[in-house]
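Enquirer: What follows is input17.csv; its format and atoms are CSV, C-alpha atoms.
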chain,number,residue,atom,x,y,z
W,6,ALA,CA,-6.2,39.4,11.8
W,7,ARG,CA,-3.9,37.0,13.7
W,8,PRO,CA,-1.5,34.9,11.5
W,9,PRO,CA,-2.3,31.2,11.3
W,10,LEU,CA,-0.6,29.0,13.8
W,11,PRO,CA,0.9,25.6,12.9
W,12,VAL,CA,-0.7,22.5,14.4
W,13,PRO,CA,1.3,19.5,15.7
W,14,PRO,CA,1.9,17.1,12.8
W,15,GLY,CA,0.6,14.2,14.8
W,16,ALA,CA,-2.8,15.9,15.2
W,17,ALA,CA,-3.0,16.7,11.5
W,18,LEU,CA,-2.0,13.2,10.5
W,19,ASP,CA,-4.5,11.7,12.9
W,20,LEU,CA,-7.3,13.8,11.3
W,21,LEU,CA,-6.3,12.8,7.8
W,22,SER,CA,-6.1,9.1,8.8
W,23,ARG,CA,-9.6,9.2,10.3
W,24,ARG,CA,-11.0,10.8,7.2
W,25,ALA,CA,-9.3,8.2,5.0
W,26,THR,CA,-10.5,5.4,7.2
W,27,LEU,CA,-14.1,6.7,7.0
W,28,ARG,CA,-13.9,6.9,3.2
W,29,LEU,CA,-12.6,3.3,3.1
W,30,GLU,CA,-15.4,2.1,5.4
W,31,GLU,CA,-18.0,3.8,3.3
W,32,ALA,CA,-16.5,2.1,0.1
W,33,THR,CA,-16.5,-1.2,1.9
W,34,ALA,CA,-20.2,-0.9,2.8
W,35,ALA,CA,-21.0,0.1,-0.7
W,36,ILE,CA,-19.3,-3.0,-2.1
W,37,ALA,CA,-21.0,-5.3,0.4
W,38,GLY,CA,-24.4,-3.7,-0.5
W,39,ALA,CA,-23.7,-4.1,-4.2
W,40,TYR,CA,-22.9,-7.7,-3.8
W,41,GLU,CA,-26.0,-8.4,-1.8
W,42,ARG,CA,-28.1,-6.7,-4.5
W,43,TYR,CA,-26.5,-8.9,-7.2
W,44,ARG,CA,-26.8,-12.0,-5.0
W,45,ARG,CA,-30.6,-11.5,-4.8
W,46,ARG,CA,-31.0,-11.1,-8.6
W,47,ASP,CA,-31.3,-13.8,-11.1
W,48,PRO,CA,-27.9,-13.8,-12.8
W,49,ALA,CA,-29.0,-15.7,-15.9
W,50,ALA,CA,-29.9,-12.5,-17.8
W,51,SER,CA,-26.2,-11.4,-17.6
W,52,GLY,CA,-25.0,-14.7,-19.0
W,53,GLY,CA,-23.8,-16.4,-15.9
W,54,VAL,CA,-23.1,-16.1,-12.2
W,55,VAL,CA,-21.8,-12.7,-11.2
W,56,ALA,CA,-19.9,-13.9,-8.1
W,57,GLU,CA,-19.1,-17.3,-6.5
W,58,GLU,CA,-17.4,-18.2,-3.3
W,59,VAL,CA,-14.2,-20.2,-3.2
W,60,THR,CA,-12.6,-21.6,-0.1
W,61,GLY,CA,-9.6,-23.6,1.2
W,62,ASP,CA,-7.3,-25.0,-1.5
W,63,ASP,CA,-9.5,-23.8,-4.3
W,64,ILE,CA,-8.4,-20.2,-3.5
W,65,GLU,CA,-4.8,-20.9,-4.3
W,66,ARG,CA,-5.7,-23.0,-7.4
W,67,ARG,CA,-8.2,-20.5,-8.9
W,68,LEU,CA,-6.1,-17.5,-8.1
W,69,GLY,CA,-2.9,-19.1,-9.5
W,70,GLU,CA,-4.7,-20.1,-12.7
W,71,ALA,CA,-6.1,-16.6,-13.2
W,72,LEU,CA,-2.8,-14.9,-12.6
W,73,GLY,CA,-1.0,-17.3,-14.9
W,74,SER,CA,-3.4,-16.3,-17.7
W,75,ALA,CA,-3.0,-12.5,-17.2
W,76,ARG,CA,-2.2,-10.7,-20.4
W,77,LYS,CA,-2.3,-6.9,-19.7
W,78,GLU,CA,-2.8,-5.7,-16.2
W,79,VAL,CA,-3.1,-6.9,-12.6
W,80,LEU,CA,-4.3,-4.7,-9.7
W,81,ARG,CA,-3.8,-5.8,-6.2
W,82,PHE,CA,-4.5,-4.9,-2.6
W,83,ASP,CA,-1.8,-6.7,-0.6
W,84,THR,CA,-2.4,-7.4,3.0
W,85,PRO,CA,-2.0,-10.4,5.3
W,86,PRO,CA,-3.0,-13.2,5.6
W,87,TYR,CA,-1.3,-14.7,2.6
W,88,PHE,CA,-2.3,-17.8,0.7
W,89,TRP,CA,1.3,-18.8,-0.3
W,90,SER,CA,4.9,-17.9,0.7
W,91,SER,CA,6.3,-14.5,0.1
W,92,ALA,CA,9.1,-15.9,-2.1
W,93,ARG,CA,6.7,-18.0,-4.2
W,94,GLY,CA,4.4,-15.0,-4.7
W,95,ALA,CA,7.3,-12.9,-5.8
W,96,ASP,CA,8.5,-15.5,-8.3
W,97,SER,CA,5.0,-15.7,-9.9
W,98,GLU,CA,4.7,-11.9,-10.2
W,99,ILE,CA,8.1,-11.4,-11.6
W,100,ALA,CA,7.3,-14.0,-14.3
W,101,MET,CA,4.2,-11.9,-15.2
W,102,LEU,CA,6.2,-8.7,-15.3
W,103,GLN,CA,8.7,-10.3,-17.6
W,104,ARG,CA,6.1,-11.3,-20.1
W,105,GLY,CA,4.8,-7.7,-20.2
W,106,VAL,CA,1.9,-7.7,-17.7
W,107,GLN,CA,1.6,-4.4,-15.8
W,108,VAL,CA,1.1,-4.8,-12.1
W,109,ARG,CA,-0.1,-2.1,-9.7
W,110,ALA,CA,-0.2,-2.9,-6.0
W,111,VAL,CA,-1.3,-1.1,-2.9
W,112,TYR,CA,0.2,-2.5,0.3
W,113,ALA,CA,-1.1,-2.2,3.8
W,114,ARG,CA,1.2,-1.2,6.6
W,115,ALA,CA,0.8,-4.8,7.9
W,116,SER,CA,2.4,-6.1,4.7
W,117,LEU,CA,5.6,-4.1,5.3
W,118,ALA,CA,5.6,-5.3,8.9
W,119,HIS,CA,5.0,-8.9,8.1
W,120,PRO,CA,8.3,-10.8,8.8
W,121,GLY,CA,10.4,-11.1,5.7
W,122,HIS,CA,7.7,-9.9,3.3
W,123,LEU,CA,9.3,-6.6,2.3
W,124,THR,CA,12.7,-8.3,1.6
W,125,THR,CA,11.5,-11.5,-0.2
W,126,ASN,CA,8.4,-10.2,-1.9
W,127,ILE,CA,7.7,-6.4,-2.1
W,128,GLN,CA,11.2,-5.1,-3.0
W,129,PRO,CA,12.0,-7.8,-5.6
W,130,CYS,CA,8.7,-7.2,-7.3
W,131,VAL,CA,9.2,-3.4,-7.3
W,132,ASP,CA,12.7,-3.8,-8.6
W,133,ALA,CA,11.3,-6.0,-11.4
W,134,GLY,CA,8.8,-3.2,-12.5
W,135,GLU,CA,5.8,-3.4,-10.2
W,136,GLN,CA,4.2,0.0,-9.4
W,137,ALA,CA,3.7,0.0,-5.7
W,138,ARG,CA,2.2,2.3,-3.1
W,139,VAL,CA,1.3,1.9,0.6
W,140,LEU,CA,-1.6,2.9,2.9
W,141,PRO,CA,-2.0,2.5,6.6
W,142,GLU,CA,-4.7,-0.2,6.1
W,143,LEU,CA,-6.9,-1.7,3.4
W,144,PRO,CA,-10.6,-2.6,3.6
W,145,VAL,CA,-10.4,-5.9,1.7
W,146,LYS,CA,-8.1,-8.3,-0.1
W,147,LEU,CA,-8.4,-7.7,-3.8
W,148,THR,CA,-6.9,-8.9,-7.1
W,149,ILE,CA,-8.3,-7.8,-10.5
W,150,ILE,CA,-7.0,-9.4,-13.6
W,151,ASP,CA,-7.4,-7.8,-17.0
W,152,ASP,CA,-10.8,-6.4,-15.9
W,153,ARG,CA,-12.2,-9.9,-16.6
W,154,VAL,CA,-12.2,-11.4,-13.2
W,155,GLY,CA,-11.7,-10.2,-9.6
W,156,PHE,CA,-11.0,-12.0,-6.3
W,157,VAL,CA,-12.2,-10.1,-3.2
W,158,SER,CA,-13.0,-10.7,0.4
W,159,LEU,CA,-15.9,-8.8,1.9
W,160,SER,CA,-13.5,-7.7,4.7
W,161,ILE,CA,-10.1,-8.6,6.1
W,162,ALA,CA,-11.8,-10.3,9.0
W,163,ASP,CA,-13.7,-12.6,6.7
W,164,VAL,CA,-10.5,-14.0,5.3
W,165,ASP,CA,-9.2,-14.7,8.8
W,166,ILE,CA,-12.5,-16.3,10.0
W,167,SER,CA,-13.8,-18.2,7.0
W,168,GLY,CA,-10.8,-18.5,4.6
W,169,SER,CA,-12.9,-17.6,1.6
W,170,LEU,CA,-12.9,-15.2,-1.3
W,171,LEU,CA,-15.5,-14.2,-3.9
W,172,VAL,CA,-14.7,-14.7,-7.6
W,173,VAL,CA,-16.3,-11.7,-9.4
W,174,ARG,CA,-17.1,-11.8,-13.1
W,175,PRO,CA,-17.4,-8.7,-15.4
W,176,SER,CA,-20.3,-6.7,-13.9
W,177,GLY,CA,-21.2,-3.5,-12.1
W,178,LEU,CA,-19.7,-5.1,-9.0
W,179,LEU,CA,-16.3,-5.6,-10.7
W,180,THR,CA,-16.5,-2.0,-12.0
W,181,ALA,CA,-17.1,-0.8,-8.4
W,182,LEU,CA,-14.1,-2.9,-7.2
W,183,ARG,CA,-11.8,-1.3,-9.8
W,184,ALA,CA,-13.1,2.2,-8.7
W,185,LEU,CA,-12.2,1.3,-5.1
W,186,PHE,CA,-8.7,0.3,-6.2
W,187,GLU,CA,-8.2,3.6,-8.1
W,188,ALA,CA,-9.5,5.7,-5.2
W,189,CYS,CA,-7.0,4.0,-2.8
W,190,TRP,CA,-4.2,4.2,-5.4
W,191,GLU,CA,-4.6,8.0,-5.6
W,192,ARG,CA,-4.3,8.4,-1.8
W,193,ALA,CA,-1.4,6.0,-1.3
W,194,LEU,CA,2.3,6.8,-1.0
W,195,PRO,CA,4.8,5.5,-3.5
W,196,ILE,CA,7.3,2.7,-3.0
W,197,GLN,CA,10.2,3.0,-5.4
W,198,SER,CA,12.9,0.5,-6.5
W,199,VAL,CA,16.0,0.5,-4.4
W,200,THR,CA,18.0,-0.2,-7.6
W,201,GLY,CA,16.5,2.5,-9.8
W,202,SER,CA,18.1,5.8,-10.6
W,203,ALA,CA,17.1,9.1,-8.9
W,204,PRO,CA,14.4,11.2,-10.7
W,205,ALA,CA,15.4,14.5,-12.2
W,206,SER,CA,13.5,16.3,-9.4
W,207,ALA,CA,15.9,14.9,-6.7
W,208,THR,CA,17.8,17.8,-5.2
W,209,LEU,CA,20.6,16.0,-3.4
W,210,SER,CA,23.6,14.4,-5.2
W,211,VAL,CA,23.8,11.9,-2.4
W,212,ARG,CA,21.0,9.3,-2.5
W,213,PRO,CA,20.2,7.0,0.4
W,214,GLY,CA,21.3,3.4,-0.1
W,215,PRO,CA,19.0,0.3,-0.3
W,216,THR,CA,19.0,-0.2,3.5
W,217,GLU,CA,18.1,3.4,4.2
W,218,ARG,CA,15.4,3.4,1.6
W,219,ARG,CA,13.9,0.3,3.2
W,220,ILE,CA,13.9,2.1,6.5
W,221,LEU,CA,12.1,5.1,4.9
W,222,ALA,CA,9.5,2.9,3.2
W,223,MET,CA,8.6,1.2,6.5
W,224,LEU,CA,8.8,4.6,8.4
W,225,VAL,CA,6.3,6.2,6.0
W,226,ALA,CA,4.0,3.2,6.3
W,227,GLY,CA,4.0,3.6,10.1
W,228,VAL,CA,5.8,0.3,10.9
W,229,PRO,CA,7.0,0.4,14.6
W,230,ASP,CA,10.8,0.9,15.3
W,231,SER,CA,11.0,-2.6,16.9
W,232,GLN,CA,9.6,-4.2,13.8
W,233,ILE,CA,11.9,-2.3,11.5
W,234,ILE,CA,14.9,-3.3,13.6
W,235,ARG,CA,13.9,-7.0,13.4
W,236,GLU,CA,13.3,-6.7,9.7
W,237,LEU,CA,16.8,-5.2,9.1
W,238,GLY,CA,18.5,-7.5,11.6
W,239,VAL,CA,20.5,-4.6,13.1
W,240,SER,CA,21.0,-3.3,16.6
W,241,ARG,CA,18.9,-0.5,18.0
W,242,ARG,CA,22.0,1.7,18.1
W,243,THR,CA,22.7,1.1,14.4
W,244,PHE,CA,19.1,1.8,13.5
W,245,PHE,CA,19.0,5.1,15.4
W,246,ARG,CA,22.3,6.1,14.0
W,247,ARG,CA,21.0,5.6,10.5
W,248,MET,CA,17.9,7.5,11.4
W,249,GLU,CA,20.0,10.5,12.6
W,250,LEU,CA,22.1,10.4,9.4
W,251,LEU,CA,18.9,10.3,7.2
W,252,MET,CA,17.4,13.3,9.1
W,253,ALA,CA,20.7,15.2,8.8
W,254,GLN,CA,20.9,14.4,5.0
W,255,ALA,CA,17.3,15.6,4.5
W,256,GLY,CA,17.6,18.6,6.8
W,257,ALA,CA,14.6,17.3,8.8
W,258,ALA,CA,14.0,18.1,12.5
W,259,SER,CA,11.4,15.3,12.9
W,260,ARG,CA,10.3,12.0,11.4
W,261,PHE,CA,7.3,13.8,9.9
W,262,GLN,CA,9.6,16.2,8.1
W,263,LEU,CA,11.8,13.3,7.1
W,264,ALA,CA,8.9,11.5,5.5
W,265,LEU,CA,7.9,14.6,3.6
W,266,GLN,CA,11.4,15.3,2.4
W,267,ALA,CA,11.9,11.7,1.4
W,268,GLN,CA,8.9,11.9,-0.9
W,269,ARG,CA,9.9,15.3,-2.4
W,270,ARG,CA,13.4,14.2,-3.1
W,271,GLY,CA,12.3,11.0,-4.8
W,272,TRP,CA,13.8,8.7,-2.1
W,273,LEU,CA,10.7,6.5,-1.9
I need this file expressed as structure tokens, please.
Expert:
Amino acid sequence: ARPPLPVPPGAALDLLSRRATLRLEEATAAIAGAYERYRRRDPAASGGVVAEEVTGDDIERRLGEALGSARKEVLRFDTPPYFWSSARGADSEIAMLQRGVQVRAVYARASLAHPGHLTTNIQPCVDAGEQARVLPELPVKLTIIDDRVGFVSLSIADVDISGSLLVVRPSGLLTALRALFEACWERALPIQSVTGSAPASATLSVRPGPTERRILAMLVAGVPDSQIIRELGVSRRTFFRRMELLMAQAGAASRFQLALQAQRRGWL
């Protein structure tokens, strides 16, 4: 029998991405169907309204109040558009982390590419103790607080067009939303603190600095070079020189190999 031949990394990644996108689309359709079934039922038997729509300024008020009362855990899908500034969002989350609330967040690639969001929001929250991962894209905006209330859009497009979210009470729908979060969490790549120490599994004594780790985080998320350069505020020459040094440090011959080595060595 002929030995197996390697396929180009780009083709393999494209296939994996298409499969992940299909699963996310199926999950989104399931959530929309679940909501429609609940909407058609009489919610009185369950003790109240299962889901209600909030729009405009009510989104910021209701979401802020719910996050301020969080006690144990907050789960988030983070993707533009945002309802408040990156810095304000970071301050609110850091306050939660300091009072002992655990936060897990899955970021979309667009979040890392959003101007200033990585520097003023994502990294400060991760440094403060947030557990963070990244996916190429997310199907909805989502926040679940203590398994007692969730805020969700039926799609990212709905947020752009209507500026509305659903407030979901404890129900089968909220359970389905948590299951969607956990499924995406399992597939996502980790984002680590740039101030944390290297894990025991790291094999190199020299660990990339904060700037290099920001580059790696955006690289793994698929952020274009031009956006990374703007985010770092460096010249193209400086950026590519740092990329060459990272590839040499990891012993990688391509960006695909660099991303794999960065994960294996605990650089992300």
Enquirer: Please, what distance in Å, to one decimal, runs between atom CA of Asp152 of chain W and atom CA of Glu58 of chain W?
Expert: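 Going from atom CA of Asp152 of chain W over to atom CA of Glu58 of chain W, I get 18.5 Å.
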Enquirer: Given all atoms listed in the file as the basis, pick out the residue of W:Ser116, W:Thr124, W:Gln262, W:Thr180 nearest to Leu143 of chain W.
Expert: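 For Leu143 of chain W, the nearest of the candidates is W:Ser116.
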Enquirer: Using only C-alpha atoms, which residues sit within 7 Å of Pro141 of chain W once same-chain residues fewer than 4 positions away are excluded, as a list of chain:residue names?
Expert: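 The residues satisfying every condition are W:Ala113, W:Arg114, W:Ala226.
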Enquirer: Could you pull the residues within 10 Å of Glu249 of chain W, counting all atoms listed in the file, minus those fewer than 6 positions along the same chain, as a ChimeraX atom specification?
Expert: /W:243,255,257-260
Enquirer: Given all atoms listed in the file as the basis, pick out the residue of W:Ser240, W:Gln232, W:Gln266, W:Ser91 nearest to His122 of chain W.
Expert: W:Ser91
Enquirer: Using atom CA of Ala222 of chain W and atom CA of Glu98 of chain W as the two end points, give the distance in Å to one decimal.
Expert: 20.5 Å
